Every structure is written in structure tokens, then in C-alpha cells.
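Novice: Just structure-v1.csv, nothing more (CSV, C-alpha atoms and all ligand atoms):
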chain,number,residue,atom,x,y,z
H,678,MET,CA,70.9,64.6,-40.8
H,679,ALA,CA,68.4,66.0,-38.3
H,680,HIS,CA,65.4,64.0,-37.5
H,681,LEU,CA,62.2,65.3,-36.1
H,682,THR,CA,61.4,63.9,-32.6
H,683,SER,CA,58.7,66.3,-31.6
H,684,GLY,CA,56.8,68.9,-33.5
H,685,SER,CA,53.9,71.3,-33.2
H,686,SER,CA,50.4,70.2,-33.7
H,687,ALA,CA,49.9,70.5,-37.5
H,688,ALA,CA,46.3,71.6,-37.1
H,689,ALA,CA,46.2,73.8,-34.1
H,690,SER,CA,49.5,75.4,-33.2
H,691,THR,CA,51.7,78.1,-34.7
H,692,ASP,CA,54.7,77.1,-32.5
H,693,THR,CA,56.9,75.7,-35.2
H,694,ALA,CA,60.1,76.2,-33.3
H,695,ALA,CA,60.3,72.4,-32.5
H,696,VAL,CA,60.2,71.4,-36.2
H,697,GLU,CA,62.5,74.1,-37.5
H,698,HIS,CA,66.1,73.0,-37.8
H,699,PRO,CA,68.3,76.0,-38.1
H,700,GLU,CA,71.3,73.8,-38.7
H,701,VAL,CA,69.7,72.5,-41.9
H,702,GLN,CA,70.8,74.5,-44.9
H,703,TRP,CA,68.1,74.0,-47.4
H,704,THR,CA,69.3,74.1,-51.0
H,705,ALA,CA,67.6,76.3,-53.6
H,706,GLU,CA,66.4,73.0,-55.2
H,707,GLN,CA,64.8,71.7,-52.0
H,708,GLN,CA,63.1,75.0,-51.4
H,709,HIS,CA,61.8,75.0,-55.0
H,710,PHE,CA,60.3,71.6,-54.7
H,711,MET,CA,58.7,72.3,-51.3
H,712,GLN,CA,57.1,75.4,-52.8
H,713,LEU,CA,55.6,73.2,-55.5
H,714,ALA,CA,54.2,71.0,-52.7
H,715,ILE,CA,52.8,74.1,-51.0
H,716,GLN,CA,51.2,75.0,-54.3
H,717,GLN,CA,49.5,71.6,-54.2
H,718,ALA,CA,48.3,72.3,-50.7
H,719,LYS,CA,46.9,75.6,-51.8
H,720,GLU,CA,44.9,73.8,-54.6
H,721,ALA,CA,43.5,71.6,-51.9
H,722,LEU,CA,42.4,74.6,-49.9
H,723,GLN,CA,40.6,76.0,-52.9
H,724,ASP,CA,39.0,72.6,-53.2
H,725,ARG,CA,38.0,72.6,-49.5
H,726,GLU,CA,40.2,69.6,-48.8
H,727,VAL,CA,42.6,69.5,-45.9
H,728,PRO,CA,45.5,71.5,-47.4
H,729,ILE,CA,48.4,69.1,-47.5
H,730,GLY,CA,50.2,68.7,-50.7
H,731,CYS,CA,53.2,66.8,-52.1
H,732,VAL,CA,55.5,66.3,-55.1
H,733,PHE,CA,57.7,63.3,-55.9
H,734,VAL,CA,61.0,64.2,-57.6
H,735,ARG,CA,63.2,61.9,-59.6
H,736,ASP,CA,66.4,63.1,-61.3
H,737,GLY,CA,65.5,66.7,-60.6
H,738,GLN,CA,62.1,66.3,-62.3
H,739,VAL,CA,58.6,66.2,-60.7
H,740,ILE,CA,57.1,62.9,-61.7
H,741,GLY,CA,54.1,63.0,-59.4
H,742,SER,CA,52.0,65.4,-57.3
H,743,GLY,CA,48.9,65.3,-55.2
H,744,TYR,CA,46.9,66.7,-52.4
H,745,ASN,CA,44.5,65.3,-49.8
H,746,MET,CA,41.3,64.1,-51.3
H,747,THR,CA,39.6,62.7,-48.2
H,748,ASN,CA,36.6,65.0,-48.3
H,749,HIS,CA,35.6,64.5,-51.9
H,750,SER,CA,36.3,60.8,-51.9
H,751,ARG,CA,34.9,60.2,-48.4
H,752,ASN,CA,37.8,57.9,-48.1
H,753,ALA,CA,40.1,58.7,-45.1
H,754,THR,CA,43.1,56.9,-46.7
H,755,ARG,CA,43.3,59.4,-49.7
H,756,HIS,CA,46.2,61.3,-48.3
H,757,ALA,CA,48.3,63.5,-50.6
H,758,GLU,CA,51.2,61.0,-50.8
H,759,LEU,CA,48.9,58.1,-51.8
H,760,GLU,CA,47.1,60.2,-54.3
H,761,ALA,CA,50.4,61.0,-56.0
H,762,VAL,CA,51.6,57.4,-55.7
H,763,ASP,CA,48.5,56.1,-57.5
H,764,LYS,CA,48.9,58.6,-60.3
H,765,MET,CA,52.6,57.7,-60.7
H,766,LEU,CA,51.7,54.0,-60.8
H,767,ALA,CA,49.1,54.7,-63.5
H,768,ASP,CA,51.8,56.6,-65.5
H,769,HIS,CA,54.1,53.5,-65.2
H,770,GLY,CA,51.6,50.8,-66.3
H,771,GLY,CA,50.8,49.9,-62.7
H,772,ASP,CA,54.3,48.6,-62.1
H,773,ALA,CA,55.9,50.1,-58.9
H,774,SER,CA,59.4,48.9,-59.9
H,775,LYS,CA,59.2,51.1,-63.0
H,776,VAL,CA,58.7,54.2,-60.8
H,777,GLN,CA,62.0,53.4,-59.1
H,778,PHE,CA,60.9,54.9,-55.8
H,779,HIS,CA,64.4,54.4,-54.4
H,780,ARG,CA,65.6,57.2,-56.7
H,781,CYS,CA,62.7,59.5,-55.7
H,782,GLN,CA,62.5,62.3,-53.1
H,783,LEU,CA,59.2,63.1,-51.6
H,784,TYR,CA,58.4,66.7,-50.6
H,785,VAL,CA,55.3,67.0,-48.5
H,786,THR,CA,54.0,69.9,-46.5
H,787,ILE,CA,53.2,67.9,-43.3
H,788,GLU,CA,55.1,65.0,-41.8
H,789,PRO,CA,53.8,61.8,-43.4
H,790,CYS,CA,51.3,60.0,-41.1
H,791,ILE,CA,52.1,56.5,-39.9
H,792,MET,CA,50.0,54.9,-42.7
H,793,CYS,CA,51.8,56.9,-45.4
H,794,ALA,CA,55.2,56.4,-43.8
H,795,GLY,CA,54.5,52.6,-43.9
H,796,ALA,CA,53.5,52.8,-47.5
H,797,LEU,CA,56.6,54.9,-48.4
H,798,SER,CA,58.8,52.3,-46.6
H,799,LEU,CA,57.3,49.4,-48.5
H,800,LEU,CA,57.6,51.3,-51.8
H,801,GLY,CA,61.3,51.9,-51.0
H,802,ILE,CA,61.3,55.7,-51.1
H,803,GLY,CA,64.7,57.3,-51.4
H,804,GLN,CA,64.3,60.4,-49.2
H,805,VAL,CA,61.5,62.4,-47.5
H,806,PHE,CA,61.5,66.1,-46.9
H,807,PHE,CA,58.5,67.5,-45.0
H,808,GLY,CA,57.3,70.9,-43.7
H,809,ALA,CA,55.7,70.8,-40.3
H,810,GLY,CA,55.6,67.9,-37.8
H,811,ASN,CA,52.4,65.9,-37.1
H,812,ASP,CA,52.1,65.4,-33.4
H,813,LYS,CA,49.0,63.3,-33.7
H,814,PHE,CA,49.8,60.8,-36.4
H,815,GLY,CA,53.4,61.5,-37.5
H,816,GLY,CA,55.2,58.5,-38.9
H,817,CYS,CA,58.7,60.1,-39.3
H,818,GLY,CA,59.5,60.6,-35.7
H,819,SER,CA,56.7,62.5,-34.0
H,820,ILE,CA,54.7,59.4,-33.0
H,821,VAL,CA,56.3,56.3,-34.6
H,822,PRO,CA,59.7,56.4,-36.2
H,823,VAL,CA,58.7,54.4,-39.3
H,824,HIS,CA,61.5,56.2,-41.2
H,825,GLN,CA,64.0,54.5,-38.8
H,826,GLN,CA,62.3,51.2,-38.2
H,827,GLY,CA,60.9,50.6,-41.6
H,828,CYS,CA,57.8,48.6,-42.3
H,829,GLY,CA,59.4,45.3,-43.4
H,830,SER,CA,57.4,43.2,-40.9
H,831,CYS,CA,54.2,44.4,-42.6
H,832,THR,CA,54.8,42.0,-45.5
H,833,HIS,CA,55.0,38.8,-43.5
H,834,HIS,CA,56.9,36.9,-46.2
H,835,ASP,CA,60.4,36.1,-47.2
H,836,ASP,CA,60.6,37.7,-50.6
H,837,PRO,CA,64.0,39.3,-50.5
H,838,GLN,CA,62.8,42.2,-52.6
H,839,ALA,CA,60.0,42.9,-50.3
H,840,ALA,CA,62.4,42.8,-47.4
H,841,ALA,CA,64.5,45.5,-49.1
H,842,HIS,CA,61.3,47.4,-49.6
H,843,GLY,CA,60.2,48.0,-46.1
H,844,ALA,CA,63.5,49.5,-44.9
H,845,GLY,CA,63.8,52.8,-43.2
H,846,PHE,CA,64.4,56.0,-45.2
H,847,PRO,CA,66.0,59.4,-44.5
H,848,ALA,CA,63.5,62.0,-43.4
H,849,VAL,CA,64.0,65.6,-42.4
H,850,GLY,CA,61.5,68.2,-41.5
H,851,GLY,CA,61.1,71.9,-41.1
H,852,LEU,CA,61.2,73.2,-44.6
H,853,PHE,CA,58.5,75.9,-44.9
H,854,ALA,CA,56.8,74.6,-41.8
H,855,LYS,CA,55.1,77.9,-41.0
H,856,GLU,CA,53.6,78.2,-44.4
H,857,ALA,CA,52.3,74.6,-44.2
H,858,ILE,CA,50.6,75.3,-40.8
H,859,GLN,CA,49.2,78.6,-41.9
H,860,LEU,CA,47.3,76.8,-44.7
H,861,LEU,CA,45.8,74.3,-42.2
H,862,GLN,CA,44.8,77.2,-40.0
H,863,ASP,CA,43.1,79.0,-42.9
H,864,PHE,CA,41.2,75.7,-43.6
H,865,TYR,CA,40.0,75.1,-40.1
H,866,ILE,CA,39.1,78.8,-39.5
H,867,ALA,CA,36.7,78.4,-42.5
H,868,GLY,CA,35.3,75.1,-41.0
H,869,ASN,CA,35.8,71.7,-42.5
H,870,PRO,CA,32.7,70.9,-44.6
H,871,ALA,CA,33.2,67.2,-44.1
H,872,ALA,CA,33.5,67.2,-40.3
H,873,PRO,CA,30.8,64.9,-38.8
H,874,LYS,CA,30.2,67.3,-35.9
H,875,PRO,CA,31.7,70.6,-36.9
H,876,HIS,CA,33.3,72.4,-34.0
H,877,ARG,CA,32.6,75.7,-35.7
H,878,LYS,CA,30.1,76.9,-38.2
H,879,VAL,CA,31.2,76.0,-41.7
H,880,MET,CA,31.5,79.2,-43.8
H,881,GLU,CA,29.7,78.9,-47.1
H,882,VAL,CA,32.2,81.3,-48.7
H,883,PRO,CA,35.6,80.8,-47.1
H,884,PRO,CA,37.8,83.9,-46.4
H,885,TRP,CA,40.2,83.2,-49.2
H,886,GLN,CA,37.3,83.0,-51.7
H,887,GLN,CA,35.8,86.2,-50.2
H,888,ALA,CA,39.1,88.0,-50.9
H,889,GLN,CA,39.2,86.7,-54.5
H,890,GLU,CA,35.6,87.8,-55.1
H,891,GLN,CA,36.4,91.2,-53.6
H,892,GLN,CA,39.4,91.5,-55.9
H,893,GLN,CA,37.2,90.5,-58.9
H,894,ARG,CA,34.6,93.1,-58.0
H,895,GLN,CA,37.3,95.8,-57.7
H,896,GLN,CA,39.0,95.0,-60.9
H,897,PRO,CA,36.2,96.2,-63.3
H,898,MET,CA,35.9,99.5,-61.3
H,899,GLU,CA,39.7,100.0,-61.6
H,900,ARG,CA,39.4,99.4,-65.4
H,901,ASP,CA,36.5,101.9,-65.6
H,902,ALA,CA,38.4,104.6,-63.6
R,1,ZN,ZN,49.1,60.0,-44.6
Mind converting the file's structure to C-alpha cells?
Specialist:
Amino acid sequence: MAHLTSGSSAAASTDTAAVEHPEVQWTAEQQHFMQLAIQQAKEALQDREVPIGCVFVRDGQVIGSGYNMTNHSRNATRHAELEAVDKMLADHGGDASKVQFHRCQLYVTIEPCIMCAGALSLLGIGQVFFGAGNDKFGGCGSIVPVHQQGCGSCTHHDDPQAAAHGAGFPAVGGLFAKEAIQLLQDFYIAGNPAAPKPHRKVMEVPPWQQAQEQQQRQQPMERDA
């Protein structure tokens, strides 16, 4: 299985050649689930959150989904993956063993960061599919190969189960990478409302909302015509 060793900057580059793996034949099911992750990222965009989304799948069923909530929560750890993990834990009585992460596949639009890759390792995730690489913080090969090294030493104790959880996991990227990057570009063009020193003026009405409003204005006229 192909592993990502270098990728384009998730936030700033359209050069996705490095993260596309033409040798990978994505199945219809993989494409379907990544489209659902992209849908989550689109919801984040509407919410003016950094548009990264994910779904967790077990036995062909989505059992968790989420998108970045770092702006609304003012908590930099609220990444899409951890949002979804917390919801799944809540659905399983707070018991991670009942989620059975080893049977789960994660589909996430951008390569998990080092923090999230560490969490996924400790939870014992079965498999990760991601869209675009993350050259700044990627934890599945772009910066630190947590997916190969695991995160077992994080636990600092000898619990055999904890040692099993903390292993590496298979991770492969490039599934709908362009779409994932386009959403980030749309977000940054409109300006990040939570940036401490915005590089660009934050648009009050972002372009995607302007397009929606224009559509809504046009619709009544079309009805009248
Ligand atoms: Zn993360």
C-alpha cells in the first residue's frame, strides 16, 4: 500500500501531484465514504470553520462524523477526528473498547496531524484514508510517520492492552485531494475570522454565501416570470 512521504501544503498549494497515487485503485465504497467526509468539510465551511471533515466507518456503516470546531470552541485541539471520536465515545457509554476502533476505517479530507495520528494510534484505529497531505503537521508520513511508528511510548506503562493500542496503522492518501484543498482555499480566500492577525481582510459575507444569496434572489424572479 502506498504511503505518503511528501505532499502539497494543505492550505496554500494546488499542486496535489505529490499526494495523488495513480497506482491506487479506489473502490466505489472508498470514494463514497470520502465524499461523505468532504460533505462534513463543506458543513465546516458554511460554519466558517477550517473545512476539514471526516467519517468513521465500521462494517460498512458510518458510526461517527465530524468537522473542525477550533474557531467556535476557541480550542485548537478540536480537530475533525477528535470531534468525531468524542461523539462516538458518547454513543458507546464513554467506553472506547465498545467502539472497537480496530474494526474502523477513518476517512478524513486532510492527512491527520501529529496529535490526531497519535490519538488514532492509541485508540487502535484499523485503517486511515485521507485526501490531501499536510506538509506542516502531517502525522501519516508528511512530517512524522506516526502511522508506521505508532504512539505506544506515549503511555509510559506496561498495560499490554495499552501497548497494543499505540501501534502503527495503515494509512493511504490522495483520495479526492484536489477537492479537499479547494475547500481550504475557499476558506482562506474569505479570510479566517478567528485568525489573531488576519493576513487578509475577513469578508463579512463569504463568496459561497454570496452565491447562495444571489441564487435565492433569482429564484423568486424565475417563479414570477
Ligand atoms: Zn489533527
Novice: Calculate how many Å separate CA of Thr704 (chain H) from CA of Pro728 (chain H), rounding to one decimal.
Specialist: 24.2 Å
Novice: Considering only C-alpha atoms and all ligand atoms, state which residue in the set H:Gln723, H:Asn811, H:Asn748, H:Gln889 is at the smallest distance from ligand ZN 1 (chain R).
Specialist: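 Using only C-alpha atoms and all ligand atoms, ligand ZN 1 (chain R) sits closest to H:Asn811.
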Novice: Within 6 Å of ligand ZN 1 (chain R) (counting only C-alpha atoms and all ligand atoms), which residues show up? I'd like them as a list of chain:residue names.
Specialist: H:His756, H:Pro789, H:Cys790, H:Met792, H:Cys793
Novice: Near region 798-800 of chain H, within 7 Å and counting only C-alpha atoms, which residues show up once chain neighbours fewer than 2 positions away are dropped, as JSON, numbers by chain?
Specialist: {"H": [778, 794, 795, 796, 802, 827, 828, 829, 842, 843, 844, 845, 846]}
Novice: Smallest atom-to-atom distance to Val879 (chain H): which of H:Tyr784, H:Gly737, H:Arg725, H:Ala718, using only C-alpha atoms?
Specialist: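 Between H:Tyr784, H:Gly737, H:Arg725, H:Ala718, the residue approaching Val879 (chain H) most closely is H:Arg725.
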Novice: Given the choices H:Ala888, H:Ile715, H:Leu797, H:Val849, which gets closest to His779 (chain H) if the distance is worked out from all atoms listed in the file?
Specialist: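 Ranking H:Ala888, H:Ile715, H:Leu797, H:Val849 by distance to His779 (chain H), first place goes to H:Leu797.
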Novice: Given 4 Å on each side, where is the centre and what are the edge lengths in Å to one decimal of the axis-aligned box enclosing the listed atoms of region 763-773 of chain H, as JSON?
Specialist:
{"center_x": 52.2, "center_y": 53.6, "center_z": -61.9, "size_x": 15.4, "size_y": 18.0, "size_z": 16.8}
Novice: Quote the spacing between CA of Glu788 (chain H) and CA of Gly810 (chain H) in Å to one decimal place.
Specialist: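 CA of Glu788 (chain H) sits 5.0 Å away from CA of Gly810 (chain H).
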Novice: Which residue, H:Arg755, H:Arg735, H:Gln716, H:Tyr744, has the smallest gap to Gln777 (chain H) when you use only C-alpha atoms?
Specialist: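 Ranking H:Arg755, H:Arg735, H:Gln716, H:Tyr744 by distance to Gln777 (chain H), first place goes to H:Arg735.
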Novice: Would it be fine to have region 724-755 of chain H, with N, CA and C atoms, given as a PDB file, in the first residue's frame?
Specialist:
ATOM      1  N   ASP H 724     -19.988  26.943   8.269  1.00  0.00           N
ATOM      2  CA  ASP H 724     -19.918  27.340   9.672  1.00  0.00           C
ATOM      3  C   ASP H 724     -18.704  28.237   9.946  1.00  0.00           C
ATOM      4  N   ARG H 725     -17.966  28.552   8.887  1.00  0.00           N
ATOM      5  CA  ARG H 725     -16.729  29.338   8.962  1.00  0.00           C
ATOM      6  C   ARG H 725     -15.710  28.713   9.915  1.00  0.00           C
ATOM      7  N   GLU H 726     -15.648  27.394   9.823  1.00  0.00           N
ATOM      8  CA  GLU H 726     -14.586  26.640  10.481  1.00  0.00           C
ATOM      9  C   GLU H 726     -13.616  26.164   9.396  1.00  0.00           C
ATOM     10  N   VAL H 727     -12.368  25.912   9.761  1.00  0.00           N
ATOM     11  CA  VAL H 727     -11.404  25.368   8.799  1.00  0.00           C
ATOM     12  C   VAL H 727     -12.011  24.094   8.208  1.00  0.00           C
ATOM     13  N   PRO H 728     -12.233  24.066   6.883  1.00  0.00           N
ATOM     14  CA  PRO H 728     -13.029  22.972   6.305  1.00  0.00           C
ATOM     15  C   PRO H 728     -12.267  21.662   6.152  1.00  0.00           C
ATOM     16  N   ILE H 729     -12.207  20.931   7.235  1.00  0.00           N
ATOM     17  CA  ILE H 729     -11.673  19.564   7.239  1.00  0.00           C
ATOM     18  C   ILE H 729     -12.752  18.696   7.875  1.00  0.00           C
ATOM     19  N   GLY H 730     -13.101  17.612   7.205  1.00  0.00           N
ATOM     20  CA  GLY H 730     -14.175  16.758   7.710  1.00  0.00           C
ATOM     21  C   GLY H 730     -13.767  15.300   7.688  1.00  0.00           C
ATOM     22  N   CYS H 731     -14.507  14.490   8.450  1.00  0.00           N
ATOM     23  CA  CYS H 731     -14.176  13.056   8.481  1.00  0.00           C
ATOM     24  C   CYS H 731     -15.402  12.222   8.796  1.00  0.00           C
ATOM     25  N   VAL H 732     -15.309  10.956   8.443  1.00  0.00           N
ATOM     26  CA  VAL H 732     -16.283   9.960   8.905  1.00  0.00           C
ATOM     27  C   VAL H 732     -15.518   8.716   9.357  1.00  0.00           C
ATOM     28  N   PHE H 733     -16.054   8.044  10.358  1.00  0.00           N
ATOM     29  CA  PHE H 733     -15.550   6.735  10.801  1.00  0.00           C
ATOM     30  C   PHE H 733     -16.550   5.684  10.342  1.00  0.00           C
ATOM     31  N   VAL H 734     -16.020   4.613   9.786  1.00  0.00           N
ATOM     32  CA  VAL H 734     -16.867   3.565   9.218  1.00  0.00           C
ATOM     33  C   VAL H 734     -16.535   2.240   9.905  1.00  0.00           C
ATOM     34  N   ARG H 735     -17.588   1.528  10.291  1.00  0.00           N
ATOM     35  CA  ARG H 735     -17.409   0.174  10.849  1.00  0.00           C
ATOM     36  C   ARG H 735     -18.403  -0.750  10.167  1.00  0.00           C
ATOM     37  N   ASP H 736     -17.936  -1.846   9.641  1.00  0.00           N
ATOM     38  CA  ASP H 736     -18.801  -2.801   8.927  1.00  0.00           C
ATOM     39  C   ASP H 736     -19.649  -2.116   7.862  1.00  0.00           C
ATOM     40  N   GLY H 737     -19.039  -1.203   7.129  1.00  0.00           N
ATOM     41  CA  GLY H 737     -19.751  -0.556   6.024  1.00  0.00           C
ATOM     42  C   GLY H 737     -20.757   0.496   6.436  1.00  0.00           C
ATOM     43  N   GLN H 738     -20.767   0.839   7.738  1.00  0.00           N
ATOM     44  CA  GLN H 738     -21.723   1.843   8.234  1.00  0.00           C
ATOM     45  C   GLN H 738     -20.955   3.008   8.840  1.00  0.00           C
ATOM     46  N   VAL H 739     -21.429   4.223   8.587  1.00  0.00           N
ATOM     47  CA  VAL H 739     -20.837   5.389   9.243  1.00  0.00           C
ATOM     48  C   VAL H 739     -21.290   5.386  10.699  1.00  0.00           C
ATOM     49  N   ILE H 740     -20.327   5.357  11.619  1.00  0.00           N
ATOM     50  CA  ILE H 740     -20.705   5.375  13.043  1.00  0.00           C
ATOM     51  C   ILE H 740     -20.276   6.672  13.731  1.00  0.00           C
ATOM     52  N   GLY H 741     -19.606   7.547  12.964  1.00  0.00           N
ATOM     53  CA  GLY H 741     -19.224   8.832  13.550  1.00  0.00           C
ATOM     54  C   GLY H 741     -18.778   9.778  12.465  1.00  0.00           C
ATOM     55  N   SER H 742     -18.998  11.063  12.704  1.00  0.00           N
ATOM     56  CA  SER H 742     -18.559  12.062  11.724  1.00  0.00           C
ATOM     57  C   SER H 742     -18.269  13.352  12.470  1.00  0.00           C
ATOM     58  N   GLY H 743     -17.515  14.216  11.831  1.00  0.00           N
ATOM     59  CA  GLY H 743     -17.224  15.481  12.488  1.00  0.00           C
ATOM     60  C   GLY H 743     -16.455  16.408  11.579  1.00  0.00           C
ATOM     61  N   TYR H 744     -16.390  17.637  11.979  1.00  0.00           N
ATOM     62  CA  TYR H 744     -15.535  18.601  11.287  1.00  0.00           C
ATOM     63  C   TYR H 744     -14.875  19.500  12.321  1.00  0.00           C
ATOM     64  N   ASN H 745     -13.858  20.201  11.855  1.00  0.00           N
ATOM     65  CA  ASN H 745     -13.084  21.068  12.736  1.00  0.00           C
ATOM     66  C   ASN H 745     -13.991  22.028  13.500  1.00  0.00           C
ATOM     67  N   MET H 746     -13.742  22.178  14.781  1.00  0.00           N
ATOM     68  CA  MET H 746     -14.528  23.115  15.585  1.00  0.00           C
ATOM     69  C   MET H 746     -13.598  24.069  16.350  1.00  0.00           C
ATOM     70  N   THR H 747     -12.420  24.308  15.799  1.00  0.00           N
ATOM     71  CA  THR H 747     -11.420  25.097  16.540  1.00  0.00           C
ATOM     72  C   THR H 747     -11.836  26.555  16.700  1.00  0.00           C
ATOM     73  N   ASN H 748     -12.553  27.096  15.735  1.00  0.00           N
ATOM     74  CA  ASN H 748     -12.948  28.514  15.832  1.00  0.00           C
ATOM     75  C   ASN H 748     -14.037  28.715  16.882  1.00  0.00           C
ATOM     76  N   HIS H 749     -15.122  27.958  16.748  1.00  0.00           N
ATOM     77  CA  HIS H 749     -16.247  28.150  17.678  1.00  0.00           C
ATOM     78  C   HIS H 749     -15.858  27.807  19.112  1.00  0.00           C
ATOM     79  N   SER H 750     -15.075  26.753  19.256  1.00  0.00           N
ATOM     80  CA  SER H 750     -14.721  26.308  20.612  1.00  0.00           C
ATOM     81  C   SER H 750     -13.545  27.097  21.188  1.00  0.00           C
ATOM     82  N   ARG H 751     -12.842  27.825  20.311  1.00  0.00           N
ATOM     83  CA  ARG H 751     -11.593  28.503  20.702  1.00  0.00           C
ATOM     84  C   ARG H 751     -10.658  27.511  21.392  1.00  0.00           C
ATOM     85  N   ASN H 752     -10.666  26.305  20.858  1.00  0.00           N
ATOM     86  CA  ASN H 752      -9.858  25.212  21.403  1.00  0.00           C
ATOM     87  C   ASN H 752      -9.142  24.568  20.218  1.00  0.00           C
ATOM     88  N   ALA H 753      -7.836  24.774  20.163  1.00  0.00           N
ATOM     89  CA  ALA H 753      -7.047  24.355  18.994  1.00  0.00           C
ATOM     90  C   ALA H 753      -6.954  22.848  18.837  1.00  0.00           C
ATOM     91  N   THR H 754      -7.420  22.091  19.839  1.00  0.00           N
ATOM     92  CA  THR H 754      -7.362  20.628  19.719  1.00  0.00           C
ATOM     93  C   THR H 754      -8.636  20.040  19.104  1.00  0.00           C
ATOM     94  N   ARG H 755      -9.627  20.877  18.839  1.00  0.00           N
ATOM     95  CA  ARG H 755     -10.908  20.323  18.365  1.00  0.00           C
ATOM     96  C   ARG H 755     -10.885  20.040  16.867  1.00  0.00           C
TER      97      ARG H 755
END
